[in-house]
Amino acid sequence: MTHIVVFDSGLGGLSVLKEVRQACPGAAISYVADTAGFPYGALSEQEVVRRVLATFEAVVARRPPDIAIIACNTASTLVLPFLRASHAFPFVGTVPAVKPAAEQTKSGLISILATPGTVKREYTQALIAAYARDVDVTLVGATGLAALAEAAMRGEPADDKAIAAEIAPAFREKAGARTDTVVLACTHYPLLLDHLRRIAPWPVTWIDPAPAIARRVASLLADRPPAETLSHGDQALFTAIPDTIPDGRTALADLLAGFGLTALDTLPLSAALSGPRAAT
């Protein structure tokens with residue numbers, strides 16, 4: 001049975017898992033979340049690299065995948081070269097969908113809604129230079145939107161006022177034109193898509209990278225025979241069980257079951273990663 005790993009720092013990668021399940025029916029999926037390190041935006045780049053590499057060492061020791069998805073823009077821009085050098089199976093990353101946004105806009109005004117770390121990275125600037133030179137791009141580093149999505153997934157009431165404040169800079173009016181396309185450059189954000197559509201000052205096209213990621217995974221698997229992995233059911237592995245979820249493990253297990261993940265377990269990492277986190 002083909003084994004796919006979907007990795008994120010928290011629950012945001014579930015938006016990608018949902019699309020991958022549809023594109024790759026019959027595959028076994030492990031959802032891996034470094035919840036002990038969430039949010040990655042609060043960590044130094046060096047620590048993000050250390051944590052992701054250590055997480056995949058633990059994943060491979062437990063059950064090697066046929067393919068892994070880094071469902072996190074921050075981790076993708078920092079760690080993919082190191083992961084590909086360390087493991088034989090392919091990795092699919094997540095990067096801001098600048099190209100399709102530039103191709104689809106009619107007003108010429110697009111916004112990239114991302115975490116502050118993704119906004120400031122040279123990789124994002126390079127995508128804009130390569131694919132969006134002829135459009136007006138607004139980069140929005142939302143400081144709290146990922147945490148709001150994470151909280152909503154954990155059962156907390158969505159804070160519409162806070163969400164509206166986070167997305168407000170993405171909506172611009174210029175020379176009679178309005179922003180008409182917003183790239184969701186963090187996998188947490190599609191989890192709030194219903195709220196975003198309702199709260200937005202005017203209708204826009206929201207670009208979610210998950211369907212494109214799923215198509216890429218299906219394409220790679222079509223050309224790659226599955227490894228000799230054990231036929232286990234789908235599972236979720238967390239480096240720490242979030243203590244902010246009411247009723248803890250039981251409530252989290254119920255949430256994950258809605259995404260077809262039937263087992264929940266912890267994934268211990270090296271003790272060297274348990275110390276204080278460094279800020280960017």
# chains A, B, ... in the order shown; residues from 1 in each chain; ligands from 1
call {"tool": "closest_atom_pairs", "arguments": {"of": "region 68-166 of chain A", "to": "region 35-48 of chain A", "cutoff": "12 Å", "atoms": "only C-alpha atoms", "output": "Markdown table"}}
result
| residue | atom | partner | partner_atom | distance |
| --- | --- | --- | --- | --- |
| A:Cys72 | CA | A:Tyr40 | CA | 9.3 |
| A:Asn73 | CA | A:Tyr40 | CA | 10.0 |
| A:Thr74 | CA | A:Tyr40 | CA | 7.2 |
| A:Ala75 | CA | A:Val48 | CA | 6.8 |
| A:Ser76 | CA | A:Val48 | CA | 10.3 |
| A:Thr77 | CA | A:Glu45 | CA | 10.0 |
| A:Leu78 | CA | A:Glu45 | CA | 7.2 |
| A:Val79 | CA | A:Val48 | CA | 7.9 |
| A:Leu80 | CA | A:Val48 | CA | 11.5 |
| A:Phe82 | CA | A:Val48 | CA | 11.8 |
| A:Ala114 | CA | A:Gly41 | CA | 10.7 |
| A:Thr115 | CA | A:Gly41 | CA | 7.1 |
| A:Pro116 | CA | A:Gly41 | CA | 7.2 |
| A:Gly117 | CA | A:Gly41 | CA | 6.0 |
| A:Thr118 | CA | A:Gly41 | CA | 8.7 |
| A:Val119 | CA | A:Gly41 | CA | 11.0 |
| A:Lys120 | CA | A:Gly41 | CA | 11.3 |
| A:Arg121 | CA | A:Glu45 | CA | 10.7 |
| A:Gly141 | CA | A:Gly41 | CA | 10.7 |
| A:Ala142 | CA | A:Gly41 | CA | 10.6 |
| A:Thr143 | CA | A:Gly41 | CA | 8.7 |
| A:Gly144 | CA | A:Pro39 | CA | 9.9 |
| A:Leu145 | CA | A:Pro39 | CA | 11.0 |
| A:Ala146 | CA | A:Pro39 | CA | 8.1 |
| A:Ala147 | CA | A:Pro39 | CA | 7.6 |
| A:Leu148 | CA | A:Pro39 | CA | 11.4 |
| A:Ala149 | CA | A:Pro39 | CA | 11.7 |
| A:Glu150 | CA | A:Pro39 | CA | 9.7 |
call {"tool": "select_by_dssp", "arguments": {"residues": "region 54-185 of chain A", "states": "strand (DSSP E)", "output": "ChimeraX atom specification"}}
result
/A:67-70,91-92,109-114,136-141,173-174,177-178,181-184
call {"tool": "residues_around", "arguments": {"residues": "Ala68 (chain A)", "least_positions_apart": "3", "cutoff": "9 Å", "atoms": "only C-alpha atoms", "output": "PyMOL selection string"}}
result
chain A and resi 3-7+65+89-93+217
call {"tool": "write_last_selection", "arguments": {"atoms": "all heavy atoms", "output": "CSV table (one decimal), in the first residue's frame"}}
result
chain,number,residue,atom,x,y,z
A,3,HIS,N,2.2,4.8,0.9
A,3,HIS,CA,2.2,5.5,2.1
A,3,HIS,C,2.6,7.0,1.9
A,3,HIS,O,3.7,7.2,1.4
A,3,HIS,CB,3.1,4.9,3.2
A,3,HIS,CG,3.2,5.6,4.5
A,3,HIS,ND1,4.3,5.6,5.3
A,3,HIS,CD2,2.2,6.3,5.1
A,3,HIS,CE1,4.0,6.3,6.4
A,3,HIS,NE2,2.8,6.8,6.3
A,4,ILE,N,1.7,7.9,2.2
A,4,ILE,CA,1.9,9.3,2.0
A,4,ILE,C,2.0,10.0,3.4
A,4,ILE,O,1.2,9.7,4.2
A,4,ILE,CB,0.8,10.0,1.2
A,4,ILE,CG1,0.7,9.3,-0.2
A,4,ILE,CG2,1.0,11.5,1.0
A,4,ILE,CD1,-0.6,9.7,-0.9
A,5,VAL,N,3.0,10.8,3.6
A,5,VAL,CA,3.1,11.6,4.8
A,5,VAL,C,2.8,13.1,4.4
A,5,VAL,O,3.3,13.6,3.5
A,5,VAL,CB,4.5,11.5,5.4
A,5,VAL,CG1,4.8,12.7,6.4
A,5,VAL,CG2,4.7,10.2,6.1
A,6,VAL,N,1.9,13.7,5.2
A,6,VAL,CA,1.6,15.1,5.1
A,6,VAL,C,2.1,15.7,6.4
A,6,VAL,O,1.6,15.4,7.5
A,6,VAL,CB,0.1,15.3,4.9
A,6,VAL,CG1,-0.2,16.8,4.8
A,6,VAL,CG2,-0.5,14.6,3.7
A,7,PHE,N,3.0,16.7,6.2
A,7,PHE,CA,3.6,17.3,7.4
A,7,PHE,C,3.3,18.8,7.5
A,7,PHE,O,3.3,19.5,6.5
A,7,PHE,CB,5.1,17.2,7.3
A,7,PHE,CG,5.9,18.0,8.3
A,7,PHE,CD1,6.1,17.5,9.6
A,7,PHE,CD2,6.3,19.3,8.0
A,7,PHE,CE1,6.7,18.3,10.6
A,7,PHE,CE2,7.0,20.1,8.9
A,7,PHE,CZ,7.2,19.6,10.2
A,65,PRO,N,7.8,6.6,4.3
A,65,PRO,CA,6.8,6.9,3.3
A,65,PRO,C,7.3,6.7,1.9
A,65,PRO,O,8.5,6.5,1.7
A,65,PRO,CB,6.5,8.4,3.6
A,65,PRO,CG,7.9,8.9,4.0
A,65,PRO,CD,8.5,7.8,4.8
A,89,PHE,N,13.1,9.1,-0.8
A,89,PHE,CA,11.7,9.3,-1.3
A,89,PHE,C,11.5,10.8,-1.7
A,89,PHE,O,12.2,11.7,-1.2
A,89,PHE,CB,10.7,8.8,-0.3
A,89,PHE,CG,10.9,9.4,1.1
A,89,PHE,CD1,10.3,10.6,1.4
A,89,PHE,CD2,11.6,8.7,2.0
A,89,PHE,CE1,10.5,11.1,2.7
A,89,PHE,CE2,11.7,9.2,3.3
A,89,PHE,CZ,11.2,10.4,3.6
A,90,PRO,N,10.6,11.1,-2.6
A,90,PRO,CA,10.4,12.5,-3.1
A,90,PRO,C,9.6,13.3,-2.0
A,90,PRO,O,8.8,12.8,-1.3
A,90,PRO,CB,9.6,12.3,-4.3
A,90,PRO,CG,8.9,11.0,-4.2
A,90,PRO,CD,9.8,10.1,-3.4
A,91,PHE,N,9.9,14.6,-2.1
A,91,PHE,CA,9.2,15.6,-1.3
A,91,PHE,C,8.5,16.6,-2.2
A,91,PHE,O,9.0,17.0,-3.2
A,91,PHE,CB,10.1,16.3,-0.4
A,91,PHE,CG,10.7,15.6,0.8
A,91,PHE,CD1,11.8,14.7,0.6
A,91,PHE,CD2,10.1,15.6,2.0
A,91,PHE,CE1,12.3,14.0,1.7
A,91,PHE,CE2,10.5,14.9,3.1
A,91,PHE,CZ,11.6,14.1,3.0
A,92,VAL,N,7.3,16.9,-1.8
A,92,VAL,CA,6.5,18.0,-2.5
A,92,VAL,C,6.3,19.1,-1.5
A,92,VAL,O,5.8,18.9,-0.4
A,92,VAL,CB,5.1,17.5,-3.0
A,92,VAL,CG1,4.3,18.6,-3.6
A,92,VAL,CG2,5.3,16.3,-4.0
A,93,GLY,N,6.7,20.3,-1.9
A,93,GLY,CA,6.6,21.5,-1.0
A,93,GLY,C,5.4,22.3,-1.3
A,93,GLY,O,4.6,22.0,-2.2
A,217,VAL,N,1.3,15.3,-6.4
A,217,VAL,CA,1.6,14.0,-5.7
A,217,VAL,C,1.1,12.8,-6.5
A,217,VAL,O,1.7,11.8,-6.6
A,217,VAL,CB,0.9,14.1,-4.3
A,217,VAL,CG1,1.0,12.7,-3.6
A,217,VAL,CG2,1.6,15.1,-3.4
call {"tool": "residues_around", "arguments": {"residues": "region 180-187 of chain A", "least_positions_apart": "2", "cutoff": "7 Å", "atoms": "only C-alpha atoms", "output": "MDAnalysis selection string"}}
result
chainID A and resid 12:13 15 71:73 95:97 101 105 107 109:115 178 189:190 204:208
call {"tool": "select_by_dssp", "arguments": {"residues": "region 10-156 of chain A", "states": "alpha helix (DSSP H)", "output": "count of residues only"}}
result
73
call {"tool": "residues_around", "arguments": {"residues": "Val59 (chain A)", "least_positions_apart": "2", "cutoff": "12 Å", "atoms": "only C-alpha atoms", "output": "PyMOL selection string"}}
result
chain A and resi 3-7+30-34+52-57+61-68+87+235-239+265-269
call {"tool": "closest_residue", "arguments": {"among": "A:Ala168, A:Ala152, A:Met1, A:Ala23", "to": "Pro211 (chain A)", "atoms": "only C-alpha atoms"}}
result
A:Ala23
call {"tool": "atom_distance", "arguments": {"atom1": "CA of Ile69 (chain A)", "atom2": "CA of Thr94 (chain A)"}}
result
8.0 Å
call {"tool": "atom_distance", "arguments": {"atom1": "CA of Ala58 (chain A)", "atom2": "CA of Leu11 (chain A)"}}
result
19.0 Å
call {"tool": "atom_distance", "arguments": {"atom1": "CA of Phe171 (chain A)", "atom2": "CA of Met153 (chain A)"}}
result
25.2 Å
call {"tool": "closest_residue", "arguments": {"among": "A:Asp159, A:Asp234, A:Asp136, A:Asp254", "to": "Glu173 (chain A)", "atoms": "only C-alpha atoms"}}
result
A:Asp136
